[in-house]
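A.B. asks: Before we start, here is the structure in question, set down as structure tokens.
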Amino acid sequence: LEPRLRESAKQRIAAYSGLTAEVRGLARGQTIGRSQRLVKVAVQAPRGIRRTVFRVDGRVVCIRAGNQKRRCKLPALRAGSHNLVVTVTDGDAWTVQEIVGFRVR
């Protein structure tokens with residue numbers, strides 16, 4: 001299982017470092033078709049971005065370094081429930097995660 005940050009921890013990290021992340025293109029609980037696979041992450045990182053990692057069901061599917069575009073084309077997935085975990089680390093090693101559970105039809 002992926003480590004998960006509590007909302008209160010995310011709020012403290014955002015208050016101290018300014019680091020926030022928001023997944024776009026995929027909402028919690030959303031059901032997608034097999035062809036709808038592009039997800040993006042909007043990031044606020046005043047101290048710069050070191051790395052963005054996208055995982056589906058615990059498997060790394062994309063890694064973006066620095067200011068590379070923070071988007072990922074998910075691999076073809078079997079029908080059923082899946083979890084996307086996006087971990088963003090800033091230049092001072094602060095880390096936030098966004099976790100989105102979704103379904104593929």
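Order determines the names: the first chain of the structure tokens is A, the second B, and so forth; residues in each chain are numbered 1 upward, and ligands are numbered 1 upward as they are shown.
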I want to know what sits within 12 Å of stretch 24-28 of chain A, based on only C-alpha atoms, with residues of the same chain fewer than 3 positions away left out; could you give that as a ChimeraX atom specification?

C.D. replies: /A:21,31-33,36-43,70-74,81-86,98-104

A.B. asks: Mind the document's chain letters and residue numbers, and return as a PyMOL selection string the residues of chain A that DSSP labels alpha helix (DSSP H).

C.D. replies: chain A and resi 7-17

A.B. asks: So which residues touch A:Glu7 within 12 Å, counting only C-alpha atoms, skipping near sequence neighbours fewer than 3 positions away, as a compact mmCIF listing (two decimals) with N, CA, C and O atoms, in the first residue's frame?

C.D. replies:
# COMPACT_ATOMS: atom_id res chain seq x y z
N ARG A 4 0.04 7.37 2.88
CA ARG A 4 -0.95 8.41 2.60
C ARG A 4 -0.82 9.54 3.60
O ARG A 4 -0.75 9.30 4.80
N LYS A 10 -1.19 17.73 4.87
CA LYS A 10 -1.10 18.48 3.62
C LYS A 10 -1.26 19.97 3.87
O LYS A 10 -0.56 20.79 3.27
N GLN A 11 -2.18 20.34 4.75
CA GLN A 11 -2.41 21.75 5.05
C GLN A 11 -1.19 22.37 5.73
O GLN A 11 -0.80 23.50 5.42
N ARG A 12 -0.56 21.63 6.64
CA ARG A 12 0.65 22.15 7.30
C ARG A 12 1.79 22.31 6.30
O ARG A 12 2.52 23.30 6.33
N ILE A 13 1.96 21.32 5.42
CA ILE A 13 3.02 21.41 4.40
C ILE A 13 2.77 22.60 3.49
O ILE A 13 3.68 23.37 3.19
N ALA A 14 1.53 22.79 3.06
CA ALA A 14 1.19 23.92 2.19
C ALA A 14 1.44 25.24 2.90
O ALA A 14 1.97 26.18 2.30
N THR A 20 1.58 22.56 -3.11
CA THR A 20 0.27 21.92 -3.25
C THR A 20 0.22 21.19 -4.58
O THR A 20 0.96 21.52 -5.52
N VAL A 96 4.08 16.14 -1.17
CA VAL A 96 2.63 16.01 -1.02
C VAL A 96 2.15 14.92 -1.97
O VAL A 96 2.81 14.61 -2.96
N GLN A 97 1.01 14.34 -1.62
CA GLN A 97 0.42 13.29 -2.45
C GLN A 97 -1.04 13.59 -2.70
O GLN A 97 -1.72 14.14 -1.84
N GLU A 98 -1.48 13.18 -3.88
CA GLU A 98 -2.90 13.18 -4.20
C GLU A 98 -3.24 11.76 -4.58
O GLU A 98 -2.52 11.13 -5.38
N ILE A 99 -4.33 11.25 -4.02
CA ILE A 99 -4.74 9.87 -4.26
C ILE A 99 -6.15 9.90 -4.85
O ILE A 99 -7.05 10.52 -4.28

A.B. asks: Which residue is closest to A:Ser17? Choose from A:Val61, A:Asp90, A:Arg105, A:Arg51 and count only C-alpha atoms.

C.D. replies: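 The closest residue to A:Ser17 is A:Asp90.
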
A.B. asks: Please, which residues of chain A, numbered as in this document, come out strand (DSSP E or B) from DSSP, as an NGL selection string?

C.D. replies: :A and (20-24 or 31-32 or 38-44 or 49-56 or 59-65 or 71-73 or 80-90 or 95-104)

A.B. asks: To one decimal place in Å, what is the distance between atom CA of A:Phe54 and atom CA of A:Val88?

C.D. replies: 9.0 Å

A.B. asks: Which neighbours of A:Val53 fall inside 6 Å, counting only C-alpha atoms, when residues of the same chain fewer than 6 positions from it are skipped, and could you give them as a list of chain:residue names?

C.D. replies: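 Within the cut-off, the hits are A:Cys62, A:Ile63, A:Val86, A:Thr87.
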
A.B. asks: Find the residues around A:Leu19 up to 7 Å (only C-alpha atoms counted), leave out those fewer than 6 positions away in its own chain, and share them as a list of chain:residue names.

C.D. replies: A:Ile13, A:Gln44, A:Ala45, A:Pro46

A.B. asks: Got time to write the residues from that selection, N, CA and C atoms, as a PDB file, in the first residue's frame?

C.D. replies:
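Ended up saving to result.pdb:
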ATOM      1  N   ILE A  13       1.957  21.322   5.418  1.00  0.00           N
ATOM      2  CA  ILE A  13       3.019  21.411   4.402  1.00  0.00           C
ATOM      3  C   ILE A  13       2.768  22.603   3.489  1.00  0.00           C
ATOM      4  N   GLN A  44       1.647  23.947  -7.235  1.00  0.00           N
ATOM      5  CA  GLN A  44       2.203  25.209  -6.762  1.00  0.00           C
ATOM      6  C   GLN A  44       3.437  24.836  -5.946  1.00  0.00           C
ATOM      7  N   ALA A  45       4.596  25.297  -6.360  1.00  0.00           N
ATOM      8  CA  ALA A  45       5.838  24.926  -5.688  1.00  0.00           C
ATOM      9  C   ALA A  45       6.798  26.109  -5.688  1.00  0.00           C
ATOM     10  N   PRO A  46       6.656  27.020  -4.721  1.00  0.00           N
ATOM     11  CA  PRO A  46       7.528  28.192  -4.674  1.00  0.00           C
ATOM     12  C   PRO A  46       9.019  27.847  -4.588  1.00  0.00           C
TER      13      PRO A  46
END
